[in-house]
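Data from start_5.pdb: PDB, C-alpha atoms, pLDDT in the B column
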ATOM      1  CA  MET A 166       0.000   0.000   0.000  1.00 38.00           C
ATOM      2  CA  ARG A 167       1.287   3.446  -0.915  1.00 42.00           C
ATOM      3  CA  PRO A 168       1.435   6.375   1.493  1.00 43.00           C
ATOM      4  CA  THR A 169      -1.398   8.898   1.260  1.00 44.00           C
ATOM      5  CA  ASN A 170       0.785  11.644  -0.236  1.00 47.00           C
ATOM      6  CA  ASP A 171       1.732   9.367  -3.188  1.00 47.00           C
ATOM      7  CA  LEU A 172      -1.931   8.634  -3.839  1.00 45.00           C
ATOM      8  CA  ALA A 173      -2.703  12.343  -3.931  1.00 46.00           C
ATOM      9  CA  ARG A 174       0.036  12.888  -6.512  1.00 49.00           C
ATOM     10  CA  THR A 175      -1.378  10.242  -8.878  1.00 60.00           C
ATOM     11  CA  THR A 176      -5.063  11.168  -8.606  1.00 70.00           C
ATOM     12  CA  PRO A 177      -6.019  12.996 -11.830  1.00 75.00           C
ATOM     13  CA  THR A 178      -7.384  16.508 -11.382  1.00 77.00           C
ATOM     14  CA  ALA A 179      -9.681  18.114 -13.973  1.00 82.00           C
ATOM     15  CA  VAL A 180      -8.288  21.394 -15.353  1.00 78.00           C
ATOM     16  CA  THR A 181      -9.407  24.041 -17.847  1.00 83.00           C
ATOM     17  CA  PHE A 182      -7.238  26.851 -19.216  1.00 83.00           C
ATOM     18  CA  ALA A 183      -6.803  29.172 -22.195  1.00 88.00           C
ATOM     19  CA  GLY A 184      -3.593  29.646 -24.146  1.00 91.00           C
ATOM     20  CA  THR A 185      -2.112  30.050 -27.609  1.00 92.00           C
ATOM     21  CA  ALA A 186      -1.089  27.396 -30.130  1.00 92.00           C
ATOM     22  CA  ARG A 187       2.634  26.860 -30.704  1.00 90.00           C
ATOM     23  CA  ALA A 188       4.508  24.527 -33.044  1.00 88.00           C
ATOM     24  CA  GLY A 189       6.485  23.084 -30.147  1.00 74.00           C
ATOM     25  CA  GLY A 190      10.004  23.429 -31.495  1.00 68.00           C
ATOM     26  CA  GLN A 191       9.246  22.037 -34.918  1.00 74.00           C
ATOM     27  CA  GLU A 192       8.641  24.045 -38.036  1.00 79.00           C
ATOM     28  CA  ALA A 193       5.062  24.876 -38.956  1.00 80.00           C
ATOM     29  CA  LEU A 194       3.081  22.351 -40.971  1.00 91.00           C
ATOM     30  CA  ARG A 195       1.218  23.145 -44.186  1.00 92.00           C
ATOM     31  CA  SER A 196      -2.292  21.921 -44.882  1.00 93.00           C
ATOM     32  CA  PRO A 197      -2.392  19.647 -47.948  1.00 91.00           C
ATOM     33  CA  VAL A 198      -5.663  21.340 -48.972  1.00 94.00           C
ATOM     34  CA  SER A 199      -5.189  25.094 -48.521  1.00 93.00           C
ATOM     35  CA  GLY A 200      -1.401  25.160 -48.239  1.00 92.00           C
ATOM     36  CA  LEU A 201      -1.689  27.450 -45.197  1.00 94.00           C
ATOM     37  CA  PRO A 202       0.902  27.191 -42.391  1.00 94.00           C
ATOM     38  CA  CYS A 203      -0.461  25.663 -39.180  1.00 94.00           C
ATOM     39  CA  VAL A 204       0.457  23.615 -36.103  1.00 94.00           C
ATOM     40  CA  HIS A 205      -2.306  21.053 -36.768  1.00 94.00           C
ATOM     41  CA  TRP A 206      -4.688  20.186 -39.615  1.00 94.00           C
ATOM     42  CA  ARG A 207      -7.598  17.758 -39.922  1.00 95.00           C
ATOM     43  CA  LEU A 208      -9.495  16.880 -43.089  1.00 95.00           C
ATOM     44  CA  ARG A 209     -12.770  15.143 -43.781  1.00 96.00           C
ATOM     45  CA  VAL A 210     -12.746  14.326 -47.496  1.00 95.00           C
ATOM     46  CA  VAL A 211     -15.992  13.142 -49.091  1.00 95.00           C
ATOM     47  CA  GLU A 212     -15.511  11.389 -52.420  1.00 93.00           C
ATOM     48  CA  SER A 213     -18.684  10.986 -54.506  1.00 91.00           C
ATOM     49  CA  MET A 214     -18.442   7.717 -56.433  1.00 87.00           C
ATOM     50  CA  THR A 215     -22.049   7.589 -57.678  1.00 87.00           C
ATOM     51  CA  PRO A 216     -25.176   9.605 -56.792  1.00 86.00           C
ATOM     52  CA  SER A 217     -25.907   7.109 -53.993  1.00 90.00           C
ATOM     53  CA  LEU A 218     -22.353   6.126 -52.917  1.00 91.00           C
ATOM     54  CA  GLN A 219     -19.916   8.370 -51.066  1.00 90.00           C
ATOM     55  CA  LEU A 220     -16.641   7.428 -49.428  1.00 92.00           C
ATOM     56  CA  VAL A 221     -15.508   9.484 -46.439  1.00 94.00           C
ATOM     57  CA  HIS A 222     -11.790   9.792 -45.657  1.00 93.00           C
ATOM     58  CA  GLU A 223     -10.623  11.246 -42.323  1.00 94.00           C
ATOM     59  CA  LEU A 224      -7.021  12.502 -42.179  1.00 92.00           C
ATOM     60  CA  ALA A 225      -5.138  14.516 -39.571  1.00 93.00           C
ATOM     61  CA  SER A 226      -1.578  15.599 -38.934  1.00 91.00           C
ATOM     62  CA  PRO A 227      -0.135  13.351 -36.203  1.00 89.00           C
ATOM     63  CA  GLU A 228       2.539  15.818 -35.040  1.00 90.00           C
ATOM     64  CA  PRO A 229       2.100  17.091 -31.483  1.00 90.00           C
ATOM     65  CA  PHE A 230       1.781  20.803 -30.853  1.00 90.00           C
ATOM     66  CA  GLU A 231       1.879  22.973 -27.746  1.00 89.00           C
ATOM     67  CA  VAL A 232      -0.506  25.285 -25.952  1.00 89.00           C
ATOM     68  CA  ALA A 233       1.364  28.119 -24.216  1.00 88.00           C
ATOM     69  CA  TRP A 234      -0.390  29.237 -21.043  1.00 81.00           C
ATOM     70  CA  ALA A 235       0.546  32.461 -19.233  1.00 71.00           C
ATOM     71  CA  ARG A 236      -0.583  32.132 -15.629  1.00 65.00           C
ATOM     72  CA  ALA A 237      -2.770  34.973 -14.365  1.00 63.00           C
ATOM     73  CA  ASP A 238      -1.060  34.994 -10.959  1.00 60.00           C
ATOM     74  CA  GLY A 239       2.314  35.910 -12.516  1.00 56.00           C
ATOM     75  CA  ALA A 240       3.959  32.740 -11.149  1.00 55.00           C
ATOM     76  CA  GLU A 241       5.796  32.180 -14.436  1.00 50.00           C
ATOM     77  CA  ALA A 242       7.843  35.385 -14.034  1.00 54.00           C
ATOM     78  CA  GLY A 243      11.363  34.686 -15.237  1.00 58.00           C
ATOM     79  CA  ARG A 244      10.401  31.318 -16.715  1.00 64.00           C
ATOM     80  CA  GLY A 245       8.055  32.334 -19.524  1.00 70.00           C
ATOM     81  CA  PRO A 246       4.674  30.746 -20.178  1.00 75.00           C
ATOM     82  CA  VAL A 247       3.959  27.143 -19.289  1.00 80.00           C
ATOM     83  CA  ARG A 248       3.839  24.941 -22.394  1.00 82.00           C
ATOM     84  CA  VAL A 249       1.516  21.950 -22.595  1.00 82.00           C
ATOM     85  CA  ARG A 250       2.212  19.361 -25.285  1.00 84.00           C
ATOM     86  CA  VAL A 251      -0.912  18.079 -27.065  1.00 85.00           C
ATOM     87  CA  ASP A 252      -0.880  14.744 -28.887  1.00 86.00           C
ATOM     88  CA  PRO A 253      -3.684  15.147 -31.462  1.00 87.00           C
ATOM     89  CA  ARG A 254      -4.073  11.364 -31.754  1.00 87.00           C
ATOM     90  CA  ALA A 255      -5.202  11.272 -28.116  1.00 84.00           C
ATOM     91  CA  ALA A 256      -7.113  14.573 -28.099  1.00 86.00           C
ATOM     92  CA  ARG A 257     -10.561  15.608 -29.244  1.00 88.00           C
ATOM     93  CA  ILE A 258     -10.138  18.851 -31.165  1.00 89.00           C
ATOM     94  CA  GLN A 259     -13.253  20.874 -31.896  1.00 90.00           C
ATOM     95  CA  ALA A 260     -13.201  23.819 -34.295  1.00 90.00           C
ATOM     96  CA  ALA A 261     -15.298  25.318 -37.067  1.00 92.00           C
ATOM     97  CA  PRO A 262     -14.301  23.738 -40.400  1.00 95.00           C
ATOM     98  CA  VAL A 263     -13.797  25.502 -43.710  1.00 95.00           C
ATOM     99  CA  LEU A 264     -15.763  23.856 -46.533  1.00 96.00           C
ATOM    100  CA  HIS A 265     -14.087  23.338 -49.910  1.00 96.00           C
ATOM    101  CA  ARG A 266     -16.835  22.496 -52.417  1.00 96.00           C
ATOM    102  CA  PRO A 267     -16.350  20.134 -55.395  1.00 95.00           C
ATOM    103  CA  GLY A 268     -14.263  21.804 -58.100  1.00 93.00           C
ATOM    104  CA  SER A 269     -12.803  24.442 -55.738  1.00 95.00           C
ATOM    105  CA  PRO A 270      -8.998  24.789 -55.545  1.00 95.00           C
ATOM    106  CA  GLY A 271      -8.943  23.192 -52.069  1.00 94.00           C
ATOM    107  CA  ALA A 272     -11.034  20.189 -53.153  1.00 95.00           C
ATOM    108  CA  LEU A 273      -8.875  19.693 -56.238  1.00 94.00           C
ATOM    109  CA  ALA A 274      -5.708  19.873 -54.108  1.00 93.00           C
ATOM    110  CA  ALA A 275      -7.111  17.215 -51.741  1.00 93.00           C
ATOM    111  CA  ALA A 276      -8.007  14.961 -54.668  1.00 93.00           C
ATOM    112  CA  ARG A 277      -4.473  15.303 -56.090  1.00 92.00           C
ATOM    113  CA  HIS A 278      -2.876  14.736 -52.669  1.00 89.00           C
ATOM    114  CA  MET A 279      -4.891  11.553 -52.069  1.00 91.00           C
ATOM    115  CA  GLY A 280      -5.006  10.298 -55.673  1.00 92.00           C
ATOM    116  CA  LEU A 281      -8.807  10.465 -55.867  1.00 91.00           C
ATOM    117  CA  VAL A 282     -10.656  10.658 -59.196  1.00 85.00           C
ATOM    118  CA  GLY A 283     -14.303  11.301 -58.252  1.00 84.00           C
ATOM    119  CA  LEU A 284     -15.922  14.573 -57.189  1.00 92.00           C
ATOM    120  CA  VAL A 285     -14.442  15.602 -53.858  1.00 95.00           C
ATOM    121  CA  SER A 286     -15.539  18.015 -51.144  1.00 96.00           C
ATOM    122  CA  VAL A 287     -13.449  18.750 -48.070  1.00 96.00           C
ATOM    123  CA  GLU A 288     -14.001  20.006 -44.523  1.00 97.00           C
ATOM    124  CA  GLU A 289     -10.706  21.465 -43.305  1.00 96.00           C
ATOM    125  CA  VAL A 290      -9.885  22.328 -39.696  1.00 96.00           C
ATOM    126  CA  LEU A 291      -6.684  24.278 -39.040  1.00 95.00           C
ATOM    127  CA  ILE A 292      -5.013  25.396 -35.843  1.00 94.00           C
ATOM    128  CA  ARG A 293      -2.611  28.196 -36.668  1.00 94.00           C
ATOM    129  CA  GLU A 294       0.467  29.386 -34.788  1.00 93.00           C
ATOM    130  CA  GLY A 295      -0.543  31.938 -32.133  1.00 91.00           C
ATOM    131  CA  GLU A 296      -4.263  31.118 -32.322  1.00 93.00           C
ATOM    132  CA  SER A 297      -6.159  31.360 -29.016  1.00 93.00           C
ATOM    133  CA  LEU A 298      -7.336  27.994 -27.679  1.00 90.00           C
ATOM    134  CA  GLU A 299      -9.263  26.681 -24.708  1.00 89.00           C
ATOM    135  CA  ALA A 300      -8.184  23.322 -23.319  1.00 83.00           C
ATOM    136  CA  GLU A 301      -9.666  20.828 -20.893  1.00 85.00           C
ATOM    137  CA  GLY A 302      -7.931  17.778 -19.542  1.00 80.00           C
ATOM    138  CA  PHE A 303      -6.660  15.921 -16.523  1.00 76.00           C
ATOM    139  CA  LEU A 304      -3.572  16.803 -14.531  1.00 65.00           C
ATOM    140  CA  GLU A 305      -2.056  13.504 -13.470  1.00 64.00           C
ATOM    141  CA  ASN A 306       0.474  14.907 -11.019  1.00 58.00           C
ATOM    142  CA  PRO A 307      -0.943  17.994  -9.230  1.00 52.00           C
ATOM    143  CA  SER A 308       2.070  18.342  -6.909  1.00 54.00           C
ATOM    144  CA  ALA A 309       4.326  18.915  -9.947  1.00 51.00           C
ATOM    145  CA  ALA A 310       2.230  21.955 -10.863  1.00 48.00           C
ATOM    146  CA  ALA A 311       3.485  23.943  -7.879  1.00 48.00           C
ATOM    147  CA  ASP A 312       7.176  23.314  -8.615  1.00 49.00           C
ATOM    148  CA  GLN A 313       7.386  22.935 -12.400  1.00 48.00           C
ATOM    149  CA  GLY A 314       4.245  24.697 -13.564  1.00 46.00           C
ATOM    150  CA  PRO A 315       0.924  23.051 -14.295  1.00 44.00           C
ATOM    151  CA  PHE A 316       0.119  20.345 -16.767  1.00 44.00           C
ATOM    152  CA  ARG A 317       3.586  18.820 -17.058  1.00 43.00           C
ATOM    153  CA  ALA A 318       2.121  15.310 -16.799  1.00 41.00           C
ATOM    154  CA  VAL A 319      -1.140  15.646 -18.688  1.00 40.00           C
TER     155      VAL A 319
END

How would this structure read if it were set down as structure tokens?
Amino acid sequence: MRPTNDLARTTPTAVTFAGTARAGGQEALRSPVSGLPCVHWRLRVVESMTPSLQLVHELASPEPFEVAWARADGAEAGRGPVRVRVDPRAARIQAAPVLHRPGSPGALAAARHMGLVGLVSVEEVLIREGESLEAEGFLENPSAAADQGPFRAV
């Protein structure tokens, strides 16, 4: 049996914060549809095969990105903002998509990128460098937040 203080350190704590998107040390990505620089992209490509048959392809960039959070209490003075790494494969990212209709430059770019021949429409979600984000998650080690800054073990 573990001591009580160890149990407290491993009990997940729900957190919510706002920050800005950062590439996390890597260079910015480019969306295969719009060509715009971003830290994350997700596509929902609908390929119309026949009037009654559509194939849906879901693609997303797997590269992690960061959310930089400046604490309101000023505790990060001298250290800069706290950076939280987000693995998009394990996260649920919600944002308003941009629709690229069949025949539009974005839809044609997606068809070329994926080697599709039918009519294609695309829903594109981008997170751009410096964009404001709201995040929710679980802090797995709350005691680390006081010493190292929050969310180091999310």

Q | Distance query 10 Å from (-16.5, 7.9, -45.1) using all atoms listed in the file, result as a VMD selection string | A | chain A and resid 209 to 212 218 to 223

Q | Gap from CA of Arg266 in chain A to CA of His278 in chain A - Å, one decimal | A | 16.0 Å

Q | Two-atom distance - CA of Glu192 in chain A, CA of Ala225 in chain A (Å) | A | 16.8 Å

Q. Could you state the separation of CA of Ser199 in chain A and CA of Gly271 in chain A in Å, given to one decimal place?
A. 5.5 Å

Q.
Measuring between all atoms listed in the file, which one of A:Ile292, A:Ala235, A:Leu208, A:Ala276 shows the shortest distance to Phe182 in chain A?
A.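 Among A:Ile292, A:Ala235, A:Leu208, A:Ala276, it is A:Ala235 that comes nearest to Phe182 in chain A.
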
Q | All residues 6 Å or closer to Val180 in chain A, all atoms listed in the file, same chain fewer than 3 positions away omitted, as a list in words | A |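 What passes the distance filter is Glu301, Gly302 and Phe303 of chain A.
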
Write only C-alpha atoms for range 167-313 of chain A from the block just shown, as a short mmCIF file (atom, residue, chain, number, x, y, z; two decimals), in the first residue's frame.
data_model
loop_
_atom_site.label_atom_id
_atom_site.label_comp_id
_atom_site.auth_asym_id
_atom_site.auth_seq_id
_atom_site.Cartn_x
_atom_site.Cartn_y
_atom_site.Cartn_z
CA ARG A 167 1.29 3.45 -0.92
CA PRO A 168 1.44 6.37 1.49
CA THR A 169 -1.40 8.90 1.26
CA ASN A 170 0.78 11.64 -0.24
CA ASP A 171 1.73 9.37 -3.19
CA LEU A 172 -1.93 8.63 -3.84
CA ALA A 173 -2.70 12.34 -3.93
CA ARG A 174 0.04 12.89 -6.51
CA THR A 175 -1.38 10.24 -8.88
CA THR A 176 -5.06 11.17 -8.61
CA PRO A 177 -6.02 13.00 -11.83
CA THR A 178 -7.38 16.51 -11.38
CA ALA A 179 -9.68 18.11 -13.97
CA VAL A 180 -8.29 21.39 -15.35
CA THR A 181 -9.41 24.04 -17.85
CA PHE A 182 -7.24 26.85 -19.22
CA ALA A 183 -6.80 29.17 -22.20
CA GLY A 184 -3.59 29.65 -24.15
CA THR A 185 -2.11 30.05 -27.61
CA ALA A 186 -1.09 27.40 -30.13
CA ARG A 187 2.63 26.86 -30.70
CA ALA A 188 4.51 24.53 -33.04
CA GLY A 189 6.48 23.08 -30.15
CA GLY A 190 10.00 23.43 -31.50
CA GLN A 191 9.25 22.04 -34.92
CA GLU A 192 8.64 24.04 -38.04
CA ALA A 193 5.06 24.88 -38.96
CA LEU A 194 3.08 22.35 -40.97
CA ARG A 195 1.22 23.15 -44.19
CA SER A 196 -2.29 21.92 -44.88
CA PRO A 197 -2.39 19.65 -47.95
CA VAL A 198 -5.66 21.34 -48.97
CA SER A 199 -5.19 25.09 -48.52
CA GLY A 200 -1.40 25.16 -48.24
CA LEU A 201 -1.69 27.45 -45.20
CA PRO A 202 0.90 27.19 -42.39
CA CYS A 203 -0.46 25.66 -39.18
CA VAL A 204 0.46 23.62 -36.10
CA HIS A 205 -2.31 21.05 -36.77
CA TRP A 206 -4.69 20.19 -39.61
CA ARG A 207 -7.60 17.76 -39.92
CA LEU A 208 -9.50 16.88 -43.09
CA ARG A 209 -12.77 15.14 -43.78
CA VAL A 210 -12.75 14.33 -47.50
CA VAL A 211 -15.99 13.14 -49.09
CA GLU A 212 -15.51 11.39 -52.42
CA SER A 213 -18.68 10.99 -54.51
CA MET A 214 -18.44 7.72 -56.43
CA THR A 215 -22.05 7.59 -57.68
CA PRO A 216 -25.18 9.60 -56.79
CA SER A 217 -25.91 7.11 -53.99
CA LEU A 218 -22.35 6.13 -52.92
CA GLN A 219 -19.92 8.37 -51.07
CA LEU A 220 -16.64 7.43 -49.43
CA VAL A 221 -15.51 9.48 -46.44
CA HIS A 222 -11.79 9.79 -45.66
CA GLU A 223 -10.62 11.25 -42.32
CA LEU A 224 -7.02 12.50 -42.18
CA ALA A 225 -5.14 14.52 -39.57
CA SER A 226 -1.58 15.60 -38.93
CA PRO A 227 -0.14 13.35 -36.20
CA GLU A 228 2.54 15.82 -35.04
CA PRO A 229 2.10 17.09 -31.48
CA PHE A 230 1.78 20.80 -30.85
CA GLU A 231 1.88 22.97 -27.75
CA VAL A 232 -0.51 25.29 -25.95
CA ALA A 233 1.36 28.12 -24.22
CA TRP A 234 -0.39 29.24 -21.04
CA ALA A 235 0.55 32.46 -19.23
CA ARG A 236 -0.58 32.13 -15.63
CA ALA A 237 -2.77 34.97 -14.37
CA ASP A 238 -1.06 34.99 -10.96
CA GLY A 239 2.31 35.91 -12.52
CA ALA A 240 3.96 32.74 -11.15
CA GLU A 241 5.80 32.18 -14.44
CA ALA A 242 7.84 35.38 -14.03
CA GLY A 243 11.36 34.69 -15.24
CA ARG A 244 10.40 31.32 -16.71
CA GLY A 245 8.05 32.33 -19.52
CA PRO A 246 4.67 30.75 -20.18
CA VAL A 247 3.96 27.14 -19.29
CA ARG A 248 3.84 24.94 -22.39
CA VAL A 249 1.52 21.95 -22.60
CA ARG A 250 2.21 19.36 -25.29
CA VAL A 251 -0.91 18.08 -27.07
CA ASP A 252 -0.88 14.74 -28.89
CA PRO A 253 -3.68 15.15 -31.46
CA ARG A 254 -4.07 11.36 -31.75
CA ALA A 255 -5.20 11.27 -28.12
CA ALA A 256 -7.11 14.57 -28.10
CA ARG A 257 -10.56 15.61 -29.24
CA ILE A 258 -10.14 18.85 -31.16
CA GLN A 259 -13.25 20.87 -31.90
CA ALA A 260 -13.20 23.82 -34.30
CA ALA A 261 -15.30 25.32 -37.07
CA PRO A 262 -14.30 23.74 -40.40
CA VAL A 263 -13.80 25.50 -43.71
CA LEU A 264 -15.76 23.86 -46.53
CA HIS A 265 -14.09 23.34 -49.91
CA ARG A 266 -16.84 22.50 -52.42
CA PRO A 267 -16.35 20.13 -55.39
CA GLY A 268 -14.26 21.80 -58.10
CA SER A 269 -12.80 24.44 -55.74
CA PRO A 270 -9.00 24.79 -55.55
CA GLY A 271 -8.94 23.19 -52.07
CA ALA A 272 -11.03 20.19 -53.15
CA LEU A 273 -8.88 19.69 -56.24
CA ALA A 274 -5.71 19.87 -54.11
CA ALA A 275 -7.11 17.22 -51.74
CA ALA A 276 -8.01 14.96 -54.67
CA ARG A 277 -4.47 15.30 -56.09
CA HIS A 278 -2.88 14.74 -52.67
CA MET A 279 -4.89 11.55 -52.07
CA GLY A 280 -5.01 10.30 -55.67
CA LEU A 281 -8.81 10.46 -55.87
CA VAL A 282 -10.66 10.66 -59.20
CA GLY A 283 -14.30 11.30 -58.25
CA LEU A 284 -15.92 14.57 -57.19
CA VAL A 285 -14.44 15.60 -53.86
CA SER A 286 -15.54 18.01 -51.14
CA VAL A 287 -13.45 18.75 -48.07
CA GLU A 288 -14.00 20.01 -44.52
CA GLU A 289 -10.71 21.47 -43.30
CA VAL A 290 -9.89 22.33 -39.70
CA LEU A 291 -6.68 24.28 -39.04
CA ILE A 292 -5.01 25.40 -35.84
CA ARG A 293 -2.61 28.20 -36.67
CA GLU A 294 0.47 29.39 -34.79
CA GLY A 295 -0.54 31.94 -32.13
CA GLU A 296 -4.26 31.12 -32.32
CA SER A 297 -6.16 31.36 -29.02
CA LEU A 298 -7.34 27.99 -27.68
CA GLU A 299 -9.26 26.68 -24.71
CA ALA A 300 -8.18 23.32 -23.32
CA GLU A 301 -9.67 20.83 -20.89
CA GLY A 302 -7.93 17.78 -19.54
CA PHE A 303 -6.66 15.92 -16.52
CA LEU A 304 -3.57 16.80 -14.53
CA GLU A 305 -2.06 13.50 -13.47
CA ASN A 306 0.47 14.91 -11.02
CA PRO A 307 -0.94 17.99 -9.23
CA SER A 308 2.07 18.34 -6.91
CA ALA A 309 4.33 18.91 -9.95
CA ALA A 310 2.23 21.96 -10.86
CA ALA A 311 3.49 23.94 -7.88
CA ASP A 312 7.18 23.31 -8.62
CA GLN A 313 7.39 22.93 -12.40
#
